[in-house]
>>> print(open('input-v4.cif').read())   # mmCIF, C-alpha atoms
data_input
#
loop_
_atom_site.group_PDB
_atom_site.id
_atom_site.type_symbol
_atom_site.label_atom_id
_atom_site.label_comp_id
_atom_site.auth_asym_id
_atom_site.auth_seq_id
_atom_site.Cartn_x
_atom_site.Cartn_y
_atom_site.Cartn_z
ATOM 1 C CA MET A 11 -12.192 -18.767 -4.222
ATOM 2 C CA GLN A 12 -15.163 -19.806 -2.078
ATOM 3 C CA LYS A 13 -12.902 -22.433 -0.528
ATOM 4 C CA PHE A 14 -10.315 -19.891 0.662
ATOM 5 C CA ALA A 15 -13.032 -17.649 2.103
ATOM 6 C CA ASN A 16 -13.089 -20.174 4.935
ATOM 7 C CA PRO A 17 -10.976 -18.502 7.679
ATOM 8 C CA PHE A 18 -9.516 -21.822 8.845
ATOM 9 C CA LEU A 19 -8.254 -22.726 5.365
ATOM 10 C CA PHE A 20 -7.075 -19.169 4.803
ATOM 11 C CA LEU A 21 -5.011 -19.223 8.020
ATOM 12 C CA LYS A 22 -3.412 -22.526 7.034
ATOM 13 C CA LEU A 23 -2.484 -21.130 3.631
ATOM 14 C CA ALA A 24 -1.281 -17.755 5.013
ATOM 15 C CA ASN A 25 0.917 -19.432 7.639
ATOM 16 C CA ALA A 26 2.525 -21.572 4.933
ATOM 17 C CA ILE A 27 3.080 -18.701 2.465
ATOM 18 C CA LEU A 28 4.169 -15.880 4.789
ATOM 19 C CA PRO A 29 7.758 -16.999 5.647
ATOM 20 C CA PHE A 30 8.581 -17.385 1.928
ATOM 21 C CA LEU A 31 6.937 -14.064 1.118
ATOM 22 C CA TRP A 32 9.080 -12.222 3.705
ATOM 23 C CA VAL A 33 12.248 -13.791 2.292
ATOM 24 C CA ILE A 34 11.254 -12.915 -1.304
ATOM 25 C CA THR A 35 10.471 -9.333 -0.175
ATOM 26 C CA ALA A 36 13.902 -8.964 1.460
ATOM 27 C CA ILE A 37 15.715 -10.350 -1.613
ATOM 28 C CA LEU A 38 13.779 -8.082 -4.006
ATOM 29 C CA PHE A 39 14.478 -4.999 -1.851
ATOM 30 C CA ALA A 40 18.192 -5.858 -1.683
ATOM 31 C CA MET A 41 18.323 -6.245 -5.486
ATOM 32 C CA GLY A 42 16.266 -3.104 -6.088
ATOM 33 C CA LEU A 43 18.308 -0.921 -3.729
ATOM 34 C CA TYR A 44 21.554 -2.225 -5.253
ATOM 35 C CA GLY A 45 20.208 -1.304 -8.694
ATOM 36 C CA ALA A 46 18.950 2.098 -7.557
ATOM 37 C CA PHE A 47 22.258 3.219 -6.012
ATOM 38 C CA GLY A 48 24.662 1.133 -8.134
ATOM 39 C CA PRO A 49 24.413 0.471 -11.855
ATOM 40 C CA SER A 50 21.419 2.748 -12.577
ATOM 41 C CA PRO A 51 22.713 5.941 -14.239
ATOM 42 C CA ALA A 52 21.750 9.536 -13.434
ATOM 43 C CA ASP A 53 19.186 10.988 -15.835
ATOM 44 C CA TYR A 54 20.341 13.541 -18.437
ATOM 45 C CA GLN A 55 17.592 15.968 -17.329
ATOM 46 C CA GLN A 56 16.692 15.019 -13.731
ATOM 47 C CA GLY A 57 20.218 14.130 -12.646
ATOM 48 C CA GLU A 58 20.530 12.081 -9.434
ATOM 49 C CA THR A 59 16.919 12.787 -8.366
ATOM 50 C CA VAL A 60 15.733 10.203 -10.907
ATOM 51 C CA ARG A 61 16.587 7.627 -8.199
ATOM 52 C CA ILE A 62 13.554 8.881 -6.220
ATOM 53 C CA MET A 63 11.410 7.429 -9.032
ATOM 54 C CA TYR A 64 12.350 3.898 -7.874
ATOM 55 C CA ILE A 65 10.488 4.394 -4.602
ATOM 56 C CA HIS A 66 7.914 6.988 -5.675
ATOM 57 C CA VAL A 67 6.324 5.092 -8.590
ATOM 58 C CA PRO A 68 5.935 1.697 -6.793
ATOM 59 C CA ALA A 69 4.482 3.478 -3.731
ATOM 60 C CA ALA A 70 1.911 5.205 -5.959
ATOM 61 C CA TRP A 71 1.064 1.931 -7.742
ATOM 62 C CA ILE A 72 0.545 0.076 -4.461
ATOM 63 C CA GLY A 73 -1.391 3.035 -3.027
ATOM 64 C CA MET A 74 -3.824 2.670 -5.931
ATOM 65 C CA PHE A 75 -3.747 -1.143 -6.027
ATOM 66 C CA ALA A 76 -4.705 -1.351 -2.343
ATOM 67 C CA TYR A 77 -7.764 0.820 -2.925
ATOM 68 C CA GLY A 78 -8.714 -1.312 -5.955
ATOM 69 C CA LEU A 79 -8.399 -4.389 -3.732
ATOM 70 C CA MET A 80 -10.606 -2.721 -1.090
ATOM 71 C CA ALA A 81 -13.268 -1.915 -3.687
ATOM 72 C CA PHE A 82 -13.121 -5.468 -5.119
ATOM 73 C CA ALA A 83 -13.346 -7.051 -1.662
ATOM 74 C CA SER A 84 -16.245 -4.742 -0.781
ATOM 75 C CA ALA A 85 -18.097 -5.798 -3.946
ATOM 76 C CA ILE A 86 -17.496 -9.470 -3.041
ATOM 77 C CA ALA A 87 -18.775 -8.765 0.490
ATOM 78 C CA PHE A 88 -21.921 -7.181 -0.963
ATOM 79 C CA ILE A 89 -22.622 -9.953 -3.473
ATOM 80 C CA PHE A 90 -21.401 -13.182 -1.852
ATOM 81 C CA ARG A 91 -21.210 -12.265 1.867
ATOM 82 C CA HIS A 92 -17.793 -13.898 2.129
ATOM 83 C CA PRO A 93 -16.667 -13.882 5.763
ATOM 84 C CA LEU A 94 -13.180 -12.694 4.788
ATOM 85 C CA ALA A 95 -14.113 -10.032 2.223
ATOM 86 C CA ASP A 96 -14.843 -7.203 4.697
ATOM 87 C CA ALA A 97 -11.763 -8.135 6.707
ATOM 88 C CA ALA A 98 -9.639 -8.043 3.515
ATOM 89 C CA ALA A 99 -10.926 -4.558 2.677
ATOM 90 C CA LYS A 100 -10.559 -3.277 6.247
ATOM 91 C CA THR A 101 -6.952 -4.500 6.605
ATOM 92 C CA ALA A 102 -5.872 -3.154 3.195
ATOM 93 C CA ALA A 103 -6.848 0.424 4.154
ATOM 94 C CA PRO A 104 -4.054 1.420 6.590
ATOM 95 C CA LEU A 105 -1.456 -0.235 4.350
ATOM 96 C CA GLY A 106 -2.743 1.567 1.263
ATOM 97 C CA ALA A 107 -2.827 4.851 3.189
ATOM 98 C CA VAL A 108 0.866 4.536 4.109
ATOM 99 C CA PHE A 109 1.889 3.755 0.507
ATOM 100 C CA CYS A 110 -0.258 6.637 -0.774
ATOM 101 C CA PHE A 111 1.316 8.980 1.809
ATOM 102 C CA LEU A 112 4.804 7.834 0.759
ATOM 103 C CA ALA A 113 3.981 8.463 -2.917
ATOM 104 C CA LEU A 114 2.927 12.029 -2.046
ATOM 105 C CA VAL A 115 5.951 12.718 0.183
ATOM 106 C CA THR A 116 8.575 11.258 -2.158
ATOM 107 C CA GLY A 117 6.931 13.004 -5.124
ATOM 108 C CA SER A 118 7.027 16.250 -3.197
ATOM 109 C CA ILE A 119 10.750 15.829 -2.390
ATOM 110 C CA TRP A 120 11.427 15.077 -6.065
ATOM 111 C CA GLY A 121 9.366 18.126 -7.101
ATOM 112 C CA LYS A 122 11.547 20.690 -5.305
ATOM 113 C CA PRO A 123 14.773 20.255 -7.330
ATOM 114 C CA THR A 124 12.888 19.389 -10.545
ATOM 115 C CA TRP A 125 9.912 21.790 -10.595
ATOM 116 C CA GLY A 126 11.180 24.308 -8.041
ATOM 117 C CA THR A 127 8.324 23.622 -5.634
ATOM 118 C CA TYR A 128 7.317 20.919 -3.158
ATOM 119 C CA TRP A 129 3.617 21.070 -4.013
ATOM 120 C CA VAL A 130 1.256 22.141 -6.778
ATOM 121 C CA TRP A 131 -2.490 21.541 -6.927
ATOM 122 C CA ASP A 132 -2.378 19.841 -10.326
ATOM 123 C CA ALA A 133 -4.801 17.058 -11.284
ATOM 124 C CA ARG A 134 -2.502 14.077 -10.569
ATOM 125 C CA ILE A 135 -1.238 15.288 -7.199
ATOM 126 C CA THR A 136 -4.655 16.524 -6.066
ATOM 127 C CA SER A 137 -6.358 13.246 -7.047
ATOM 128 C CA MET A 138 -3.693 11.272 -5.131
ATOM 129 C CA PHE A 139 -4.300 13.527 -2.133
ATOM 130 C CA ILE A 140 -8.060 12.808 -2.403
ATOM 131 C CA LEU A 141 -7.203 9.075 -2.427
ATOM 132 C CA LEU A 142 -5.332 9.560 0.863
ATOM 133 C CA LEU A 143 -8.378 11.356 2.326
ATOM 134 C CA LEU A 144 -10.607 8.474 1.155
ATOM 135 C CA TYR A 145 -8.358 6.008 2.972
ATOM 136 C CA LEU A 146 -8.533 8.088 6.155
ATOM 137 C CA GLY A 147 -12.321 8.425 5.866
ATOM 138 C CA TYR A 148 -12.699 4.667 5.304
ATOM 139 C CA MET A 149 -10.599 3.883 8.384
ATOM 140 C CA ALA A 150 -12.520 6.458 10.434
ATOM 141 C CA ILE A 151 -15.797 4.641 9.646
ATOM 142 C CA TRP A 152 -14.498 1.377 11.128
ATOM 143 C CA GLN A 153 -13.227 3.233 14.196
ATOM 144 C CA ALA A 154 -16.243 5.464 14.780
ATOM 145 C CA ILE A 155 -19.163 3.038 14.358
ATOM 146 C CA GLU A 156 -19.512 0.506 17.137
ATOM 147 C CA ASP A 157 -22.010 -1.790 15.392
ATOM 148 C CA GLU A 158 -19.682 -3.873 13.215
ATOM 149 C CA SER A 159 -22.262 -4.874 10.606
ATOM 150 C CA LEU A 160 -23.369 -1.247 10.139
ATOM 151 C CA ALA A 161 -19.739 -0.105 9.911
ATOM 152 C CA ALA A 162 -19.065 -2.821 7.320
ATOM 153 C CA MET A 163 -22.075 -1.740 5.237
ATOM 154 C CA ILE A 164 -21.087 1.966 5.209
ATOM 155 C CA ALA A 165 -17.412 1.122 4.628
ATOM 156 C CA ARG A 166 -18.341 -1.029 1.592
ATOM 157 C CA ILE A 167 -20.298 1.864 0.077
ATOM 158 C CA VAL A 168 -17.425 4.317 0.673
ATOM 159 C CA ALA A 169 -14.897 1.871 -0.851
ATOM 160 C CA LEU A 170 -17.055 1.258 -3.934
ATOM 161 C CA VAL A 171 -18.050 4.896 -4.538
ATOM 162 C CA GLY A 172 -14.525 6.095 -3.794
ATOM 163 C CA SER A 173 -13.044 3.744 -6.407
ATOM 164 C CA ILE A 174 -14.098 6.333 -9.014
ATOM 165 C CA ILE A 175 -10.896 8.150 -8.020
ATOM 166 C CA LEU A 176 -8.710 5.372 -9.514
ATOM 167 C CA PRO A 177 -9.415 6.085 -13.229
ATOM 168 C CA VAL A 178 -9.332 9.814 -12.420
ATOM 169 C CA ILE A 179 -5.767 9.398 -11.056
ATOM 170 C CA LYS A 180 -4.719 7.216 -14.003
ATOM 171 C CA PHE A 181 -6.041 9.529 -16.722
ATOM 172 C CA SER A 182 -5.511 12.860 -14.923
ATOM 173 C CA VAL A 183 -2.217 13.416 -16.758
ATOM 174 C CA GLU A 184 -3.908 12.887 -20.132
ATOM 175 C CA TYR A 185 -7.175 14.800 -19.722
ATOM 176 C CA TRP A 186 -5.793 17.808 -17.836
ATOM 177 C CA ASN A 187 -2.797 20.009 -18.420
ATOM 178 C CA THR A 188 -0.656 18.925 -15.461
ATOM 179 C CA LEU A 189 2.838 19.660 -14.221
ATOM 180 C CA HIS A 190 3.147 15.920 -13.483
ATOM 181 C CA GLN A 191 4.568 14.088 -16.494
ATOM 182 C CA PRO A 192 2.349 11.662 -18.472
ATOM 183 C CA ALA A 193 2.575 7.871 -18.106
ATOM 184 C CA SER A 194 5.934 6.468 -19.209
ATOM 185 C CA ILE A 195 5.483 2.771 -18.373
ATOM 186 C CA MET A 196 1.860 1.643 -18.709
ATOM 187 C CA LYS A 197 1.128 3.243 -22.062
ATOM 188 C CA MET A 198 0.448 2.329 -25.660
ATOM 189 C CA GLY A 199 3.620 1.444 -27.532
ATOM 190 C CA GLY A 200 5.489 0.210 -24.457
ATOM 191 C CA PRO A 201 7.574 1.967 -21.797
ATOM 192 C CA SER A 202 9.579 5.035 -22.800
ATOM 193 C CA ILE A 203 12.085 4.654 -19.935
ATOM 194 C CA ASP A 204 15.578 3.461 -20.821
ATOM 195 C CA LYS A 205 16.218 -0.220 -20.057
ATOM 196 C CA SER A 206 19.078 0.691 -17.683
ATOM 197 C CA MET A 207 16.453 2.284 -15.394
ATOM 198 C CA LEU A 208 13.403 0.186 -16.256
ATOM 199 C CA TRP A 209 14.722 -3.065 -14.738
ATOM 200 C CA VAL A 210 15.405 -1.338 -11.398
ATOM 201 C CA LEU A 211 11.937 0.193 -11.376
ATOM 202 C CA LEU A 212 10.300 -3.172 -12.123
ATOM 203 C CA ILE A 213 12.270 -4.940 -9.366
ATOM 204 C CA MET A 214 11.340 -2.214 -6.874
ATOM 205 C CA ALA A 215 7.693 -2.529 -7.997
ATOM 206 C CA LEU A 216 7.866 -6.289 -7.327
ATOM 207 C CA ALA A 217 9.504 -5.612 -3.933
ATOM 208 C CA TYR A 218 6.722 -3.193 -2.943
ATOM 209 C CA THR A 219 4.071 -5.655 -4.168
ATOM 210 C CA ALA A 220 5.616 -8.532 -2.174
ATOM 211 C CA LEU A 221 5.846 -6.292 0.903
ATOM 212 C CA PHE A 222 2.211 -5.250 0.550
ATOM 213 C CA LEU A 223 1.067 -8.876 0.167
ATOM 214 C CA ALA A 224 3.108 -9.977 3.217
ATOM 215 C CA LEU A 225 1.708 -7.124 5.310
ATOM 216 C CA HIS A 226 -1.835 -7.736 4.081
ATOM 217 C CA LEU A 227 -1.748 -11.458 4.869
ATOM 218 C CA THR A 228 -0.301 -10.691 8.318
ATOM 219 C CA SER A 229 -2.967 -8.030 9.003
ATOM 220 C CA LEU A 230 -5.703 -10.370 7.799
ATOM 221 C CA ARG A 231 -4.445 -13.091 10.156
ATOM 222 C CA THR A 232 -4.484 -10.526 12.997
ATOM 223 C CA GLU A 233 -8.028 -9.431 12.102
ATOM 224 C CA ILE A 234 -9.271 -13.049 12.171
ATOM 225 C CA ALA A 235 -7.686 -13.535 15.600
ATOM 226 C CA MET A 236 -9.239 -10.268 16.860
ATOM 227 C CA ARG A 237 -12.678 -11.340 15.627
ATOM 228 C CA LYS A 238 -12.336 -14.681 17.404
ATOM 229 C CA LEU A 239 -11.362 -12.805 20.584
ATOM 230 C CA ARG A 240 -14.298 -10.395 20.297
ATOM 231 C CA ASN A 241 -16.730 -13.295 19.720
ATOM 232 C CA ALA A 242 -15.303 -15.226 22.677
ATOM 233 C CA ARG A 243 -15.605 -12.195 24.949
ATOM 234 C CA ALA A 244 -19.150 -11.492 23.733
ATOM 235 C CA SER A 245 -20.257 -15.073 24.422
ATOM 236 C CA GLU A 246 -18.524 -14.916 27.807
ATOM 237 C CA ILE A 247 -20.536 -11.778 28.701
ATOM 238 C CA ARG A 248 -23.748 -13.394 27.452
ATOM 239 C CA GLY A 249 -22.949 -16.501 29.515
ATOM 240 C CA ASN A 250 -22.556 -14.423 32.679
ATOM 241 C CA MET B 5 25.372 7.478 -7.417
ATOM 242 C CA ASP B 6 27.360 10.655 -6.988
ATOM 243 C CA TRP B 7 27.103 11.358 -3.237
ATOM 244 C CA ASN B 8 28.727 14.797 -3.559
ATOM 245 C CA ASN B 9 26.068 16.010 -5.982
ATOM 246 C CA ALA B 10 23.832 18.830 -4.710
ATOM 247 C CA GLN B 11 20.756 16.679 -5.443
ATOM 248 C CA ALA B 12 21.970 13.770 -3.270
ATOM 249 C CA GLY B 13 20.332 15.309 -0.184
ATOM 250 C CA TYR B 14 16.875 15.051 -1.777
ATOM 251 C CA VAL B 15 17.501 11.409 -2.745
ATOM 252 C CA ILE B 16 18.708 10.513 0.756
ATOM 253 C CA ALA B 17 15.743 12.317 2.375
ATOM 254 C CA ALA B 18 13.230 10.463 0.183
ATOM 255 C CA TYR B 19 14.799 7.053 0.854
ATOM 256 C CA LEU B 20 15.168 7.707 4.599
ATOM 257 C CA ILE B 21 11.540 8.808 5.028
ATOM 258 C CA SER B 22 10.326 5.794 3.031
ATOM 259 C CA ALA B 23 12.535 3.407 5.024
ATOM 260 C CA VAL B 24 11.368 4.781 8.384
ATOM 261 C CA CYS B 25 7.671 4.671 7.401
ATOM 262 C CA LEU B 26 7.906 1.130 6.002
ATOM 263 C CA ILE B 27 9.886 -0.196 8.974
ATOM 264 C CA VAL B 28 7.332 1.318 11.389
ATOM 265 C CA LEU B 29 4.496 -0.195 9.304
ATOM 266 C CA VAL B 30 6.101 -3.664 9.326
ATOM 267 C CA ALA B 31 6.800 -3.454 13.075
ATOM 268 C CA TRP B 32 3.223 -2.294 13.795
ATOM 269 C CA CYS B 33 1.725 -5.168 11.765
ATOM 270 C CA LEU B 34 3.990 -7.822 13.307
ATOM 271 C CA LEU B 35 3.542 -6.608 16.896
ATOM 272 C CA LYS B 36 -0.243 -6.410 16.489
ATOM 273 C CA ASP B 37 -0.267 -9.928 15.001
ATOM 274 C CA ARG B 38 1.851 -11.264 17.846
ATOM 275 C CA ALA B 39 -0.330 -9.624 20.504
ATOM 276 C CA ALA B 40 -3.543 -10.955 18.915
ATOM 277 C CA SER B 41 -2.250 -14.511 18.521
ATOM 278 C CA SER B 42 -0.886 -14.637 22.085
ATOM 279 C CA ALA B 43 -4.209 -13.311 23.461
ATOM 280 C CA LEU B 44 -6.029 -15.971 21.449
ATOM 281 C CA SER B 45 -3.794 -18.774 22.682
ATOM 282 C CA LYS B 46 -4.271 -17.580 26.293
ATOM 283 C CA LEU B 47 -8.020 -17.684 25.737
ATOM 284 C CA LYS B 48 -7.784 -21.251 24.414
ATOM 285 C CA ASP B 49 -5.794 -22.288 27.525
#
>>> encode(input="input-v4.cif", output="structure tokens")
Amino acid sequence: MQKFANPFLFLKLANAILPFLWVITAILFAMGLYGAFGPSPADYQQGETVRIMYIHVPAAWIGMFAYGLMAFASAIAFIFRHPLADAAAKTAAPLGAVFCFLALVTGSIWGKPTWGTYWVWDARITSMFILLLLYLGYMAIWQAIEDESLAAMIARIVALVGSIILPVIKFSVEYWNTLHQPASIMKMGGPSIDKSMLWVLLIMALAYTALFLALHLTSLRTEIAMRKLRNARASEIRGN
Amino acid sequence: MDWNNAQAGYVIAAYLISAVCLIVLVAWCLLKDRAASSALSKLKD
């Protein structure tokens, strides 16, 4: 891991992986969308709206995964001072925010025909909304504080403290009486979704994961280039 | 998928919004990456 914290090695690896990752993402999306609109049946209770699950659930998973990644990278930055750890956390934030936003919007669209309302302040939905606010707050820190090392320090603290929201989101449907249904995939005793729908959901989850990884590697490559530019400009100013 | 079903509109709306957001996100990341790498190569020249 220490080896890949070297930006030069990381760039070499990212440049080699990225083309394949984009192709894999496209193939997985094509398979997932075919499954979602083709062989996957309508649900006996939810009807056709069950198809929203194939984009809502992966978006929510990636929205949470990205924050977990940010918290992990922030911890690494605190402990080991890896040069790439802060950059990994910083670049995961806008991506995670978009996936979190999509989980809220698609869930809201699904809620109208199923629950009769677009929004309720139940524990799961509210905790996901707080996650979105945490993402926005984290990004605001990087934008608002000019001193990069101070911004990094505060951003690490926000990412680590904010990660408390992740178990709250996960267990919100078990500890509180929510309108949102309990877990049906990651639960004891295995998934309770029918196999005819489960395979589509898993492929879409893989597609979203591949897309997130491709976007994160690209953003990380951009961030490294931006840092090189900033350093070059700073040394140019010092030289003058 | 039954496209004439009353619920189809909700499904289409959810997929369209997701597609637009993800396409904009991909375009934003790729354009930013391109701009940064071209600025860096200009600096090296």
>>> resolve_selection(input="input-v4.cif", expression="the PyMOL selection byres ((chain A) within 6 of (chain B))", output="PDB file with C-alpha atoms, in the frame of the given file")
ATOM      1  CA  PHE A  47      22.258   3.219  -6.012  1.00  0.00           C
ATOM      2  CA  THR A  59      16.919  12.787  -8.366  1.00  0.00           C
ATOM      3  CA  ILE A  62      13.554   8.881  -6.220  1.00  0.00           C
ATOM      4  CA  THR A 116       8.575  11.258  -2.158  1.00  0.00           C
ATOM      5  CA  THR A 232      -4.484 -10.526  12.997  1.00  0.00           C
ATOM      6  CA  ALA A 235      -7.686 -13.535  15.600  1.00  0.00           C
TER       7      ALA A 235
END
>>> residues_around(input="input-v4.cif", residues="A:Ser159", least_positions_apart="6", cutoff="12 Å", atoms="all atoms listed in the file", output="PDB file with C-alpha atoms, in the frame of the given file")
ATOM      1  CA  ALA A  87     -18.775  -8.765   0.490  1.00  0.00           C
ATOM      2  CA  PHE A  88     -21.921  -7.181  -0.963  1.00  0.00           C
ATOM      3  CA  ARG A  91     -21.210 -12.265   1.867  1.00  0.00           C
ATOM      4  CA  PRO A  93     -16.667 -13.882   5.763  1.00  0.00           C
ATOM      5  CA  ASP A  96     -14.843  -7.203   4.697  1.00  0.00           C
ATOM      6  CA  ALA A  97     -11.763  -8.135   6.707  1.00  0.00           C
ATOM      7  CA  ILE A 151     -15.797   4.641   9.646  1.00  0.00           C
ATOM      8  CA  TRP A 152     -14.498   1.377  11.128  1.00  0.00           C
ATOM      9  CA  ALA A 165     -17.412   1.122   4.628  1.00  0.00           C
ATOM     10  CA  ARG A 166     -18.341  -1.029   1.592  1.00  0.00           C
TER      11      ARG A 166
END
>>> residues_around(input="input-v4.cif", residues="A:Thr35", least_positions_apart="3", cutoff="9 Å", atoms="only C-alpha atoms", output="list of chain:residue names")
A:Phe30, A:Leu31, A:Trp32, A:Leu38, A:Phe39, A:Ala40, A:Leu216, A:Ala217, A:Tyr218, A:Thr219, A:Ala220, A:Leu221, A:Ala224
>>> atom_distance(input="input-v4.cif", atom1="atom CA of A:Gly78", atom2="atom CA of A:Leu176")
7.6 Å
>>> closest_residue(input="input-v4.cif", among="A:Gly121, A:Pro177, A:Pro68, A:Pro104", to="A:Ser137", atoms="all atoms listed in the file")
A:Pro177
>>> residues_around(input="input-v4.cif", residues="A:Ala70", least_positions_apart="4", cutoff="8 Å", atoms="all atoms listed in the file", output="ChimeraX atom specification")
/A:66,74,109-110,112-114
>>> residues_near_point(input="input-v4.cif", point="(-12.7, -4.4, -1.1)", cutoff="8 Å", atoms="all atoms listed in the file", output="list in words")
Tyr77, Gly78, Leu79, Met80, Ala81, Phe82, Ala83, Ser84, Ala85, Ile86, Ala87, Ala95, Asp96, Ala98, Ala99, Lys100, Arg166, Ala169 and Leu170 of chain A
>>> atom_distance(input="input-v4.cif", atom1="atom CA of A:Trp129", atom2="atom CA of A:Trp71")
19.7 Å
>>> closest_residue(input="input-v4.cif", among="A:Thr101, A:Asn16, A:Gln56, A:Gln191", to="A:Leu230", atoms="all atoms listed in the file")
A:Thr101
>>> atom_distance(input="input-v4.cif", atom1="atom CA of A:Gly147", atom2="atom CA of A:Val168")
8.4 Å
>>> resolve_selection(input="input-v4.cif", expression="the PyMOL selection byres ((chain A and resi 183) around 12)", output="list in words")
Asp132, Ala133, Arg134, Ile135, Thr136, Ser137, Met138, Pro177, Val178, Ile179, Lys180, Phe181, Ser182, Glu184, Tyr185, Trp186, Asn187, Thr188, Leu189, His190, Gln191, Pro192, Ala193, Ser194 and Lys197 of chain A
>>> closest_residue(input="input-v4.cif", among="A:Trp125, A:Tyr54, A:Tyr148, A:Phe90", to="A:Ala162", atoms="all atoms listed in the file")
A:Tyr148
>>> closest_residue(input="input-v4.cif", among="A:Ala215, A:Ile65, A:Val210, A:Leu142", to="B:Leu20", atoms="all atoms listed in the file")
A:Ile65
